[in-house]
$ cat target_28.cif   # mmCIF, C-alpha atoms
data_structure
#
loop_
_atom_site.label_atom_id
_atom_site.label_comp_id
_atom_site.auth_asym_id
_atom_site.auth_seq_id
_atom_site.Cartn_x
_atom_site.Cartn_y
_atom_site.Cartn_z
CA MET A 6 0.00 0.00 0.00
CA LYS A 7 1.33 3.42 -0.95
CA LYS A 8 2.28 5.76 1.82
CA ILE A 9 1.98 9.41 0.98
CA ARG A 10 3.48 12.18 3.04
CA MET A 11 2.85 15.79 2.23
CA ILE A 12 5.91 18.04 2.21
CA PRO A 13 4.67 21.50 3.16
CA VAL A 14 5.90 24.58 1.40
CA PRO A 15 8.57 26.18 3.59
CA PRO A 16 7.49 29.53 4.97
CA LYS A 17 8.84 32.43 3.03
CA GLU A 18 11.53 34.36 4.78
CA ILE A 19 10.27 37.85 5.39
CA LYS A 20 13.04 40.18 4.33
CA LYS A 21 13.07 43.72 5.57
CA LEU A 22 13.30 46.50 3.04
CA LYS A 23 16.71 48.19 3.13
CA VAL A 24 15.74 51.86 3.33
CA ALA A 25 18.04 54.88 3.00
CA ALA A 26 17.45 58.63 2.85
CA TYR A 27 19.11 61.52 1.05
CA CYS A 28 19.33 65.11 2.34
CA ARG A 29 20.94 68.25 0.99
CA VAL A 30 21.15 71.90 1.99
CA SER A 31 22.51 74.67 -0.22
CA THR A 32 24.98 76.46 2.06
CA LYS A 33 27.22 75.87 5.07
CA SER A 34 25.55 78.57 7.15
CA LYS A 35 24.70 77.82 10.78
CA LYS A 36 20.97 77.81 9.99
CA GLN A 37 21.40 75.40 7.06
CA ARG A 38 23.62 73.07 9.10
CA ALA A 39 20.93 72.94 11.77
CA SER A 40 18.33 72.17 9.08
CA LEU A 41 20.50 69.34 7.77
CA MET A 42 20.91 67.82 11.23
CA ASN A 43 17.13 67.96 11.74
CA GLN A 44 16.59 66.15 8.42
CA ILE A 45 19.13 63.45 9.30
CA TRP A 46 17.51 62.93 12.71
CA TYR A 47 14.00 62.85 11.19
CA TYR A 48 14.84 60.21 8.57
CA THR A 49 16.89 58.09 10.98
CA GLU A 50 13.94 57.90 13.41
CA GLN A 51 11.42 57.30 10.61
CA ILE A 52 13.36 54.34 9.21
CA LEU A 53 14.29 52.78 12.58
CA ASN A 54 10.71 52.99 13.85
CA HIS A 55 9.28 51.14 10.83
CA ASP A 56 9.02 47.40 11.61
CA ASP A 57 9.45 46.26 8.01
CA TRP A 58 12.43 48.46 7.26
CA GLN A 59 16.14 47.97 7.76
CA PHE A 60 18.24 51.10 8.23
CA ALA A 61 20.56 51.53 5.22
CA GLY A 62 21.94 54.94 6.12
CA VAL A 63 21.21 58.63 5.67
CA TYR A 64 23.37 60.20 2.95
CA TYR A 65 23.80 63.94 2.78
CA ASP A 66 25.57 66.88 1.17
CA PHE A 67 25.81 70.50 2.20
CA GLY A 68 27.17 73.57 0.54
CA LYS A 69 26.96 71.92 -2.89
CA SER A 70 24.99 72.98 -5.93
CA GLY A 71 21.81 71.06 -6.68
CA LEU A 72 22.59 71.34 -10.36
CA ARG A 73 25.49 68.91 -10.53
CA LYS A 74 26.23 65.47 -9.14
CA LYS A 75 29.95 66.27 -9.29
CA GLY A 76 31.32 67.10 -5.86
CA ARG A 77 28.27 65.75 -4.03
CA THR A 78 30.02 62.88 -2.26
CA GLY A 79 26.93 61.84 -0.30
CA LEU A 80 24.80 61.35 -3.40
CA VAL A 81 27.58 59.52 -5.27
CA ARG A 82 28.21 57.21 -2.29
CA MET A 83 24.50 56.41 -2.02
CA LEU A 84 24.29 55.50 -5.71
CA LYS A 85 27.32 53.23 -5.34
CA GLN A 86 25.71 51.47 -2.38
CA ALA A 87 22.51 51.09 -4.39
CA ASP A 88 24.49 49.50 -7.20
CA LYS A 89 25.93 46.98 -4.71
CA GLY A 90 22.40 45.95 -3.65
CA GLU A 91 22.71 47.58 -0.22
CA ILE A 92 19.62 49.77 -0.73
CA ASP A 93 16.05 48.91 -1.80
CA TYR A 94 14.19 52.15 -1.18
CA ILE A 95 15.21 55.82 -0.81
CA LEU A 96 13.41 58.66 0.93
CA THR A 97 14.06 62.31 0.16
CA LYS A 98 12.40 65.62 0.92
CA SER A 99 11.82 66.88 -2.63
CA VAL A 100 12.84 66.69 -6.27
CA SER A 101 15.00 69.82 -5.95
CA ARG A 102 17.05 68.22 -3.16
CA VAL A 103 18.21 65.48 -5.54
CA SER A 104 18.92 67.67 -8.58
CA ARG A 105 17.83 70.93 -10.18
CA ASP A 106 19.08 69.69 -13.55
CA THR A 107 16.13 67.90 -15.19
CA LEU A 108 18.28 65.61 -17.33
CA GLU A 109 20.51 64.59 -14.44
CA LEU A 110 17.46 64.00 -12.23
CA LEU A 111 15.97 61.63 -14.82
CA ASN A 112 19.30 59.83 -15.21
CA ILE A 113 19.47 59.24 -11.44
CA ILE A 114 15.89 57.96 -11.28
CA ARG A 115 16.38 55.64 -14.26
CA TYR A 116 19.70 54.40 -12.85
CA LEU A 117 17.89 53.38 -9.68
CA LYS A 118 14.91 51.94 -11.58
CA GLU A 119 17.17 49.63 -13.58
CA ARG A 120 18.28 48.17 -10.24
CA GLY A 121 14.74 47.86 -8.92
CA ILE A 122 15.17 50.72 -6.46
CA SER A 123 12.46 53.28 -5.83
CA MET A 124 12.92 56.86 -4.65
CA TYR A 125 10.10 58.60 -2.80
CA PHE A 126 9.81 62.41 -2.91
CA GLU A 127 7.87 63.49 0.18
CA ASN A 128 6.88 67.05 -0.78
CA GLU A 129 5.56 65.98 -4.19
CA LYS A 130 4.21 62.63 -2.86
CA LEU A 131 5.76 60.85 -5.84
CA ASP A 132 7.23 57.35 -6.07
CA SER A 133 9.71 56.98 -8.94
CA MET A 134 8.53 53.39 -9.59
CA ASP A 135 5.01 54.59 -10.36
CA SER A 136 4.56 54.41 -14.15
CA ALA A 137 2.90 57.83 -14.26
CA ALA A 138 5.35 59.47 -11.86
CA GLU A 139 8.18 60.20 -14.28
CA SER A 140 6.28 62.90 -16.16
CA TYR A 141 5.39 64.65 -12.87
CA ILE A 142 8.99 64.32 -11.64
CA THR A 143 10.21 65.77 -14.95
CA LEU A 144 7.85 68.73 -14.56
CA ALA A 145 8.94 69.31 -10.96
CA GLY A 146 12.57 69.07 -12.06
CA ALA A 147 12.01 71.60 -14.85
CA VAL A 148 10.48 74.04 -12.35
CA ALA A 149 13.47 73.58 -10.00
CA GLN A 150 15.88 74.09 -12.91
CA GLU A 151 14.11 77.30 -13.95
CA GLU A 152 14.34 78.56 -10.37
CA SER A 153 18.09 77.90 -10.43
CA SER A 154 18.41 79.77 -13.71
CA ASN A 155 16.60 82.80 -12.27
CA ILE A 156 18.71 82.71 -9.10
CA SER A 157 21.90 82.47 -11.20
CA ASP A 158 20.82 85.45 -13.35
CA ASN A 159 20.02 87.50 -10.25
CA ILE A 160 23.36 86.67 -8.63
CA GLN A 161 25.26 87.52 -11.82
CA TRP A 162 23.38 90.83 -12.09
CA ALA A 163 24.24 91.69 -8.46
CA VAL A 164 27.91 90.71 -8.93
CA THR A 165 28.20 92.87 -12.07
CA ARG A 166 26.66 95.86 -10.25
CA ARG A 167 29.21 95.41 -7.41
CA PHE A 168 32.05 95.20 -9.94
CA GLU A 169 30.87 98.46 -11.52
CA GLN A 170 31.14 100.08 -8.08
CA GLY A 171 34.57 98.52 -7.44
CA ILE A 172 33.18 96.29 -4.70
CA PHE A 173 34.45 92.72 -4.38
CA THR A 174 34.50 90.68 -1.16
CA ASN A 175 35.07 87.11 -2.35
CA TYR A 176 38.84 87.12 -1.86
CA LYS A 177 40.73 83.86 -1.65
CA ALA A 178 43.60 83.65 0.81
CA PHE A 179 47.02 84.26 -0.74
CA THR A 180 50.54 85.02 0.49
CA GLY A 181 50.77 88.38 2.23
CA TYR A 182 47.11 88.93 2.99
CA GLU A 183 44.17 87.52 4.88
CA CYS A 184 40.53 88.38 4.29
CA ILE A 185 38.73 89.77 7.36
CA ASP A 186 35.07 90.75 6.98
CA GLY A 187 35.52 91.09 3.23
CA GLU A 188 38.62 93.31 3.51
CA LEU A 189 42.22 92.38 2.64
CA VAL A 190 44.53 92.85 5.63
CA ILE A 191 48.33 92.57 5.39
CA ILE A 192 50.06 89.76 7.29
CA PRO A 193 53.41 91.42 8.20
CA GLU A 194 55.57 88.26 8.24
CA GLN A 195 54.22 87.09 4.89
CA ALA A 196 54.51 90.58 3.42
CA LYS A 197 58.30 90.39 4.02
CA ILE A 198 58.41 87.23 1.89
CA VAL A 199 56.45 88.94 -0.91
CA ARG A 200 58.87 91.90 -0.93
CA MET A 201 61.80 89.48 -0.91
CA ILE A 202 60.46 87.68 -4.01
CA PHE A 203 60.03 90.96 -5.91
CA ASP A 204 63.53 92.08 -4.89
CA PHE A 205 65.07 88.76 -5.95
CA TYR A 206 63.48 89.07 -9.37
CA LEU A 207 64.73 92.62 -9.93
CA GLU A 208 68.20 91.48 -8.85
CA GLY A 209 68.16 89.08 -11.80
CA HIS A 210 66.99 85.82 -10.23
CA THR A 211 64.89 83.45 -12.35
CA PHE A 212 61.70 81.85 -11.00
CA ALA A 213 63.63 78.61 -10.39
CA GLN A 214 66.40 80.47 -8.56
CA ILE A 215 63.87 82.28 -6.36
CA LYS A 216 62.26 78.93 -5.54
CA ALA A 217 65.65 77.46 -4.61
CA GLU A 218 66.53 80.48 -2.46
CA LEU A 219 63.25 80.39 -0.54
CA GLU A 220 63.59 76.68 0.14
CA LYS A 221 67.24 77.10 1.15
CA ARG A 222 66.14 79.65 3.76
CA ASN A 223 63.37 77.28 4.98
CA ILE A 224 60.70 79.86 4.15
CA LYS A 225 57.25 78.26 4.06
CA THR A 226 54.44 78.95 1.62
CA ALA A 227 51.19 80.58 2.79
CA THR A 228 49.77 77.07 3.29
CA GLY A 229 52.77 75.93 5.31
CA LYS A 230 54.49 73.86 2.62
CA SER A 231 58.28 73.58 2.45
CA LYS A 232 58.37 73.32 -1.35
CA TRP A 233 57.54 76.30 -3.54
CA ASP A 234 56.01 76.06 -6.99
CA VAL A 235 57.62 78.05 -9.81
CA THR A 236 54.17 78.84 -11.25
CA THR A 237 53.06 80.25 -7.87
CA ILE A 238 56.06 82.59 -7.81
CA GLN A 239 55.34 83.74 -11.36
CA LYS A 240 51.68 84.42 -10.51
CA MET A 241 52.69 86.37 -7.40
CA LEU A 242 54.95 88.62 -9.46
CA LYS A 243 52.05 89.34 -11.86
CA ASN A 244 49.37 89.83 -9.18
CA GLU A 245 48.24 93.47 -9.19
CA LYS A 246 46.78 93.07 -5.69
CA TYR A 247 50.27 93.43 -4.24
CA LYS A 248 50.30 97.09 -5.30
CA GLY A 249 46.85 97.67 -3.76
CA ASP A 250 44.77 97.28 -6.95
CA SER A 251 42.28 94.64 -8.09
CA LEU A 252 41.33 93.43 -11.54
CA LEU A 253 37.78 92.11 -11.25
CA GLN A 254 36.08 89.39 -13.32
CA LYS A 255 39.26 87.62 -14.43
CA THR A 256 37.11 84.49 -14.69
CA PHE A 257 33.39 83.86 -15.13
CA THR A 258 30.85 81.03 -15.16
CA GLU A 259 29.55 80.67 -18.70
CA ASP A 260 26.80 78.11 -18.06
CA TYR A 261 25.09 77.83 -14.69
CA LEU A 262 24.25 74.18 -15.42
CA ASN A 263 27.81 72.89 -15.69
CA GLY A 264 29.32 75.50 -13.36
CA ILE A 265 32.64 75.50 -15.23
CA ARG A 266 34.60 78.72 -14.76
CA LYS A 267 36.45 80.13 -17.77
CA LYS A 268 39.28 82.61 -18.08
CA ASN A 269 37.95 85.97 -19.22
CA ILE A 270 39.91 86.80 -22.36
CA GLY A 271 37.40 89.32 -23.65
CA GLN A 272 34.07 87.52 -23.40
CA ARG A 273 32.98 89.77 -20.50
CA PRO A 274 34.02 93.27 -19.36
CA LYS A 275 36.72 93.54 -16.69
CA TYR A 276 36.92 96.19 -13.97
CA TYR A 277 40.22 97.59 -12.67
CA VAL A 278 40.04 99.14 -9.20
CA LYS A 279 42.98 101.25 -7.99
CA GLY A 280 43.81 101.64 -4.30
CA CYS A 281 41.12 99.29 -3.03
CA HIS A 282 43.27 97.80 -0.23
CA PRO A 283 46.69 98.34 1.47
CA ALA A 284 49.66 97.71 -0.84
CA ILE A 285 52.66 95.52 -0.04
CA ILE A 286 54.64 96.53 -3.15
CA SER A 287 54.90 100.07 -4.51
CA SER A 288 53.48 100.74 -7.97
CA GLU A 289 56.98 101.66 -9.19
CA ILE A 290 58.53 98.32 -8.15
CA PHE A 291 55.54 96.34 -9.43
CA ASP A 292 55.70 98.06 -12.83
CA LYS A 293 59.48 97.50 -13.05
CA VAL A 294 58.90 93.77 -12.47
CA GLN A 295 56.31 93.66 -15.26
CA GLU A 296 58.72 95.41 -17.64
CA GLU A 297 61.49 92.97 -16.68
CA MET A 298 59.19 89.99 -17.19
CA PHE A 299 58.28 91.30 -20.63
CA ARG A 300 61.97 91.86 -21.47
CA ARG A 301 62.96 88.37 -20.30
CA GLY A 302 60.04 86.87 -22.18
CA ARG A 303 61.71 88.03 -25.39
CA LEU A 304 65.01 86.35 -24.52
CA VAL A 305 65.95 82.80 -25.46
CA MET A 306 68.02 80.90 -22.90
CA ASP A 307 69.99 77.66 -23.16
CA GLU A 308 69.70 74.77 -20.70
CA LYS A 309 72.13 76.45 -18.26
CA GLY A 310 70.20 79.72 -18.25
CA LYS A 311 72.64 81.58 -20.48
CA ARG A 312 71.27 83.96 -23.08
CA GLU A 313 71.34 82.66 -26.65
CA GLY A 314 69.50 85.51 -28.32
CA SER A 315 66.11 87.20 -28.49
CA LEU A 316 62.81 86.19 -30.00
CA GLN A 317 63.32 88.95 -32.59
CA THR A 318 66.72 87.48 -33.57
CA PHE A 319 65.35 83.96 -33.89
CA SER A 320 62.33 85.22 -35.82
CA TYR A 321 64.71 86.98 -38.23
CA PHE A 322 66.74 83.82 -38.90
CA ALA A 323 63.57 81.70 -39.12
CA GLY A 324 62.25 84.07 -41.76
#
$ encode --input "target_28.cif" --output "C-alpha cells"
Amino acid sequence: MKKIRMIPVPPKEIKKLKVAAYCRVSTKSKKQRASLMNQIWYYTEQILNHDDWQFAGVYYDFGKSGLRKKGRTGLVRMLKQADKGEIDYILTKSVSRVSRDTLELLNIIRYLKERGISMYFENEKLDSMDSAAESYITLAGAVAQEESSNISDNIQWAVTRRFEQGIFTNYKAFTGYECIDGELVIIPEQAKIVRMIFDFYLEGHTFAQIKAELEKRNIKTATGKSKWDVTTIQKMLKNEKYKGDSLLQKTFTEDYLNGIRKKNIGQRPKYYVKGCHPAIISSEIFDKVQEEMFRRGRLVMDEKGKREGSLQTFSYFAG
C-alpha cells in the first residue's frame, strides 16, 4: 500500500526592506547646518521605527549645488551602495534636493529603476517606480531648474553691479594677505616674503632660482608647505593686488548648469580698481617687475640659463 506524506511549502523568509534617505542643503551657514541635522535625525527615526524596514543609512551633502552630481560625495556614495544591492528604497524631501538639472534628475531615477530601487519624494508625494510618476517628476525638475536659472541670473546681475562700483569681497587667501570681513589685511611676516620675491626678481633671479633660495632659507608657503612652486612665484609677481589694486572678473561662469569657470579673455568686461586695499609693493617696483618679465620673455636661454638671443633674432633667422 502506498504511503503518501505531504511536504509542506517552507514559509517564506520575510526580508526587511533596506531603506536609505538623502538630504541636501545649499549652504554651510549655521541655519542650514541645523536644518541638515534635523533632516538626518528625522529620517533616521522614521526608518528605525518602521518594523518592516532595515536602516541603510542617511546620505547627505551640504554647501553643494543642486545642479550637478559632481562634488556631491553623499549622493555619489548612495548610488554606489545602491548598485551593490545595499539599498532597496530611498526617501528624500523633494525633487529639488536630488537635482535641479532635469536631465541629471531623470538619469538618477532611471539608474535606480534599472536596479529595482524606488525613490520617494515626500513634498511631491511621488514614487519613482510609479509608471505615471516620471512625467510629474520631470515637470517638478524643470520648475526647479528654472528657479536655479533665475537665481543664477540675479546673482550675476548683483555681482556685475558690485564690480561696476569697485566692490568685491570674495577674496581667496594668498601670500601676504588675509581676508577679514571682506577686507584684505596685510600679514606682516608674509609681506616680508612677498617683498623678498620681488627684490630677488629685480636682482636678476629666475623663477627657479627664487624657488631654490626660498627653500634654502626654509621659508614656508602661505599654506605651510616647504616646497615652492615656480608657477606660484610667477603668478605672485604678476598679481596686481600686491600694489593695492584689483582686476575684477578675471574668470566667469559661462553656463550655470555645468558650473565651469572660464578665463575671461574678452568675453565679459573687466573692472580695474585702484587703491582698493593696502599695498605691499609700490606701484613703481611692481611696474618695473612687469617690464622685466616682458623683457625676459623676449630672450631665449639655453639649458644652463645663459642667453642665446632674443625672439626677434630667432624670428629673423627663421624668416
$ atom_distance --input "target_28.cif" --atom1 "CA of Arg82 (chain A)" --atom2 "CA of Ala25 (chain A)"
11.7 Å
$ residues_near_point --input "target_28.cif" --point "(58.7, 92.4, -15.8)" --cutoff "12 Å" --atoms "only C-alpha atoms" --output "ChimeraX atom specification"
/A:203-204,206-212,239-244,289-303
$ write_last_selection --input "target_28.cif" --atoms "C-alpha atoms" --output "CSV table (one decimal), in the frame of the given file"
chain,number,residue,atom,x,y,z
A,203,PHE,CA,60.0,91.0,-5.9
A,204,ASP,CA,63.5,92.1,-4.9
A,206,TYR,CA,63.5,89.1,-9.4
A,207,LEU,CA,64.7,92.6,-9.9
A,208,GLU,CA,68.2,91.5,-8.8
A,209,GLY,CA,68.2,89.1,-11.8
A,210,HIS,CA,67.0,85.8,-10.2
A,211,THR,CA,64.9,83.4,-12.4
A,212,PHE,CA,61.7,81.8,-11.0
A,239,GLN,CA,55.3,83.7,-11.4
A,240,LYS,CA,51.7,84.4,-10.5
A,241,MET,CA,52.7,86.4,-7.4
A,242,LEU,CA,55.0,88.6,-9.5
A,243,LYS,CA,52.0,89.3,-11.9
A,244,ASN,CA,49.4,89.8,-9.2
A,289,GLU,CA,57.0,101.7,-9.2
A,290,ILE,CA,58.5,98.3,-8.2
A,291,PHE,CA,55.5,96.3,-9.4
A,292,ASP,CA,55.7,98.1,-12.8
A,293,LYS,CA,59.5,97.5,-13.0
A,294,VAL,CA,58.9,93.8,-12.5
A,295,GLN,CA,56.3,93.7,-15.3
A,296,GLU,CA,58.7,95.4,-17.6
A,297,GLU,CA,61.5,93.0,-16.7
A,298,MET,CA,59.2,90.0,-17.2
A,299,PHE,CA,58.3,91.3,-20.6
A,300,ARG,CA,62.0,91.9,-21.5
A,301,ARG,CA,63.0,88.4,-20.3
A,302,GLY,CA,60.0,86.9,-22.2
A,303,ARG,CA,61.7,88.0,-25.4
$ closest_residue --input "target_28.cif" --among "A:Phe205, A:Phe67, A:Phe126, A:Phe60" --to "Thr32 (chain A)" --atoms "all atoms listed in the file"
A:Phe67
$ residues_around --input "target_28.cif" --residues "Val63 (chain A)" --least-positions-apart "6" --cutoff "12 Å" --atoms "all atoms listed in the file" --output "PyMOL selection string"
chain A and resi 23-29+41-53+79-80+82-83+86+92+94-97
$ write_last_selection --input "target_28.cif" --atoms "C-alpha atoms" --output "tab-separated table (two decimals), in the coordinates of the input"
chain	number	residue	atom	x	y	z
A	23	LYS	CA	16.71	48.19	3.13
A	24	VAL	CA	15.74	51.86	3.33
A	25	ALA	CA	18.04	54.88	3.00
A	26	ALA	CA	17.45	58.63	2.85
A	27	TYR	CA	19.11	61.52	1.05
A	28	CYS	CA	19.33	65.11	2.34
A	29	ARG	CA	20.94	68.25	0.99
A	41	LEU	CA	20.50	69.34	7.77
A	42	MET	CA	20.91	67.82	11.23
A	43	ASN	CA	17.13	67.96	11.74
A	44	GLN	CA	16.59	66.15	8.42
A	45	ILE	CA	19.13	63.45	9.30
A	46	TRP	CA	17.51	62.93	12.71
A	47	TYR	CA	14.00	62.85	11.19
A	48	TYR	CA	14.84	60.21	8.57
A	49	THR	CA	16.89	58.09	10.98
A	50	GLU	CA	13.94	57.90	13.41
A	51	GLN	CA	11.42	57.30	10.61
A	52	ILE	CA	13.36	54.34	9.21
A	53	LEU	CA	14.29	52.78	12.58
A	79	GLY	CA	26.93	61.84	-0.30
A	80	LEU	CA	24.80	61.35	-3.40
A	82	ARG	CA	28.21	57.21	-2.29
A	83	MET	CA	24.50	56.41	-2.02
A	86	GLN	CA	25.71	51.47	-2.38
A	92	ILE	CA	19.62	49.77	-0.73
A	94	TYR	CA	14.19	52.15	-1.18
A	95	ILE	CA	15.21	55.82	-0.81
A	96	LEU	CA	13.41	58.66	0.93
A	97	THR	CA	14.06	62.31	0.16
$ closest_residue --input "target_28.cif" --among "A:Ala196, A:His55, A:Met201, A:Asp66" --to "Thr78 (chain A)" --atoms "all atoms listed in the file"
A:Asp66
$ closest_residue --input "target_28.cif" --among "A:Gln59, A:Asn54, A:Ser104, A:Thr237" --to "Glu91 (chain A)" --atoms "all atoms listed in the file"
A:Gln59
$ resolve_selection --input "target_28.cif" --expression "the PyMOL selection byres ((chain A and resi 193) around 12)" --output "list in words"
Thr180, Gly181, Tyr182, Glu183, Val190, Ile191, Ile192, Glu194, Gln195, Ala196, Lys197, Ile198, Val199, Arg200, Pro283, Ala284 and Ile285 of chain A
$ atom_distance --input "target_28.cif" --atom1 "CA of Val81 (chain A)" --atom2 "CA of Lys35 (chain A)"
24.5 Å
$ atom_distance --input "target_28.cif" --atom1 "CA of Ile122 (chain A)" --atom2 "CA of Val30 (chain A)"
23.6 Å
$ closest_residue --input "target_28.cif" --among "A:Leu110, A:Glu220, A:Tyr247, A:Leu84" --to "Val235 (chain A)" --atoms "all atoms listed in the file"
A:Glu220
$ closest_residue --input "target_28.cif" --among "A:Val278, A:Val100, A:Ala87, A:Ala39" --to "Lys130 (chain A)" --atoms "all atoms listed in the file"
A:Val100
$ residues_around --input "target_28.cif" --residues "His282 (chain A)" --least-positions-apart "4" --cutoff "7 Å" --atoms "only C-alpha atoms" --output "list in words"
Leu189, Gly249 and Asp250 of chain A
$ decode --input "target_28.cif" --residues "region 39-57 of chain A" --atoms "N, CA and C atoms" --output "mmCIF file, in the first residue's frame"
data_model
loop_
_atom_site.group_PDB
_atom_site.id
_atom_site.type_symbol
_atom_site.label_atom_id
_atom_site.label_comp_id
_atom_site.auth_asym_id
_atom_site.auth_seq_id
_atom_site.Cartn_x
_atom_site.Cartn_y
_atom_site.Cartn_z
ATOM 1 N N ALA A 39 21.939 73.391 10.806
ATOM 2 C CA ALA A 39 20.931 72.943 11.771
ATOM 3 C C ALA A 39 19.783 72.236 11.051
ATOM 4 N N SER A 40 19.384 72.790 9.889
ATOM 5 C CA SER A 40 18.329 72.170 9.080
ATOM 6 C C SER A 40 18.741 70.778 8.625
ATOM 7 N N LEU A 41 20.006 70.647 8.218
ATOM 8 C CA LEU A 41 20.504 69.344 7.770
ATOM 9 C C LEU A 41 20.475 68.332 8.897
ATOM 10 N N MET A 42 20.914 68.733 10.083
ATOM 11 C CA MET A 42 20.910 67.825 11.231
ATOM 12 C C MET A 42 19.490 67.385 11.584
ATOM 13 N N ASN A 43 18.534 68.300 11.471
ATOM 14 C CA ASN A 43 17.130 67.959 11.737
ATOM 15 C C ASN A 43 16.613 66.931 10.731
ATOM 16 N N GLN A 44 17.005 67.103 9.455
ATOM 17 C CA GLN A 44 16.586 66.147 8.422
ATOM 18 C C GLN A 44 17.176 64.766 8.675
ATOM 19 N N ILE A 45 18.464 64.738 9.027
ATOM 20 C CA ILE A 45 19.131 63.453 9.304
ATOM 21 C C ILE A 45 18.454 62.749 10.470
ATOM 22 N N TRP A 46 18.170 63.493 11.523
ATOM 23 C CA TRP A 46 17.508 62.934 12.709
ATOM 24 C C TRP A 46 16.101 62.426 12.358
ATOM 25 N N TYR A 47 15.376 63.214 11.580
ATOM 26 C CA TYR A 47 14.003 62.855 11.188
ATOM 27 C C TYR A 47 13.982 61.537 10.410
ATOM 28 N N TYR A 48 14.843 61.419 9.395
ATOM 29 C CA TYR A 48 14.841 60.208 8.568
ATOM 30 C C TYR A 48 15.373 58.989 9.331
ATOM 31 N N THR A 49 16.357 59.202 10.177
ATOM 32 C CA THR A 49 16.887 58.086 10.979
ATOM 33 C C THR A 49 15.792 57.492 11.853
ATOM 34 N N GLU A 50 15.041 58.366 12.547
ATOM 35 C CA GLU A 50 13.941 57.901 13.410
ATOM 36 C C GLU A 50 12.846 57.231 12.594
ATOM 37 N N GLN A 51 12.495 57.827 11.456
ATOM 38 C CA GLN A 51 11.417 57.296 10.614
ATOM 39 C C GLN A 51 11.739 55.875 10.139
ATOM 40 N N ILE A 52 12.972 55.653 9.719
ATOM 41 C CA ILE A 52 13.360 54.337 9.213
ATOM 42 C C ILE A 52 13.462 53.325 10.348
ATOM 43 N N LEU A 53 14.097 53.707 11.455
ATOM 44 C CA LEU A 53 14.292 52.778 12.578
ATOM 45 C C LEU A 53 12.975 52.386 13.243
ATOM 46 N N ASN A 54 11.986 53.269 13.203
ATOM 47 C CA ASN A 54 10.706 52.994 13.854
ATOM 48 C C ASN A 54 9.730 52.223 12.970
ATOM 49 N N HIS A 55 10.130 51.903 11.746
ATOM 50 C CA HIS A 55 9.280 51.136 10.828
ATOM 51 C C HIS A 55 9.668 49.660 10.923
ATOM 52 N N ASP A 56 8.721 48.810 11.351
ATOM 53 C CA ASP A 56 9.023 47.397 11.609
ATOM 54 C C ASP A 56 9.538 46.644 10.391
ATOM 55 N N ASP A 57 9.080 47.005 9.208
ATOM 56 C CA ASP A 57 9.447 46.263 8.005
ATOM 57 C C ASP A 57 10.675 46.845 7.282
#
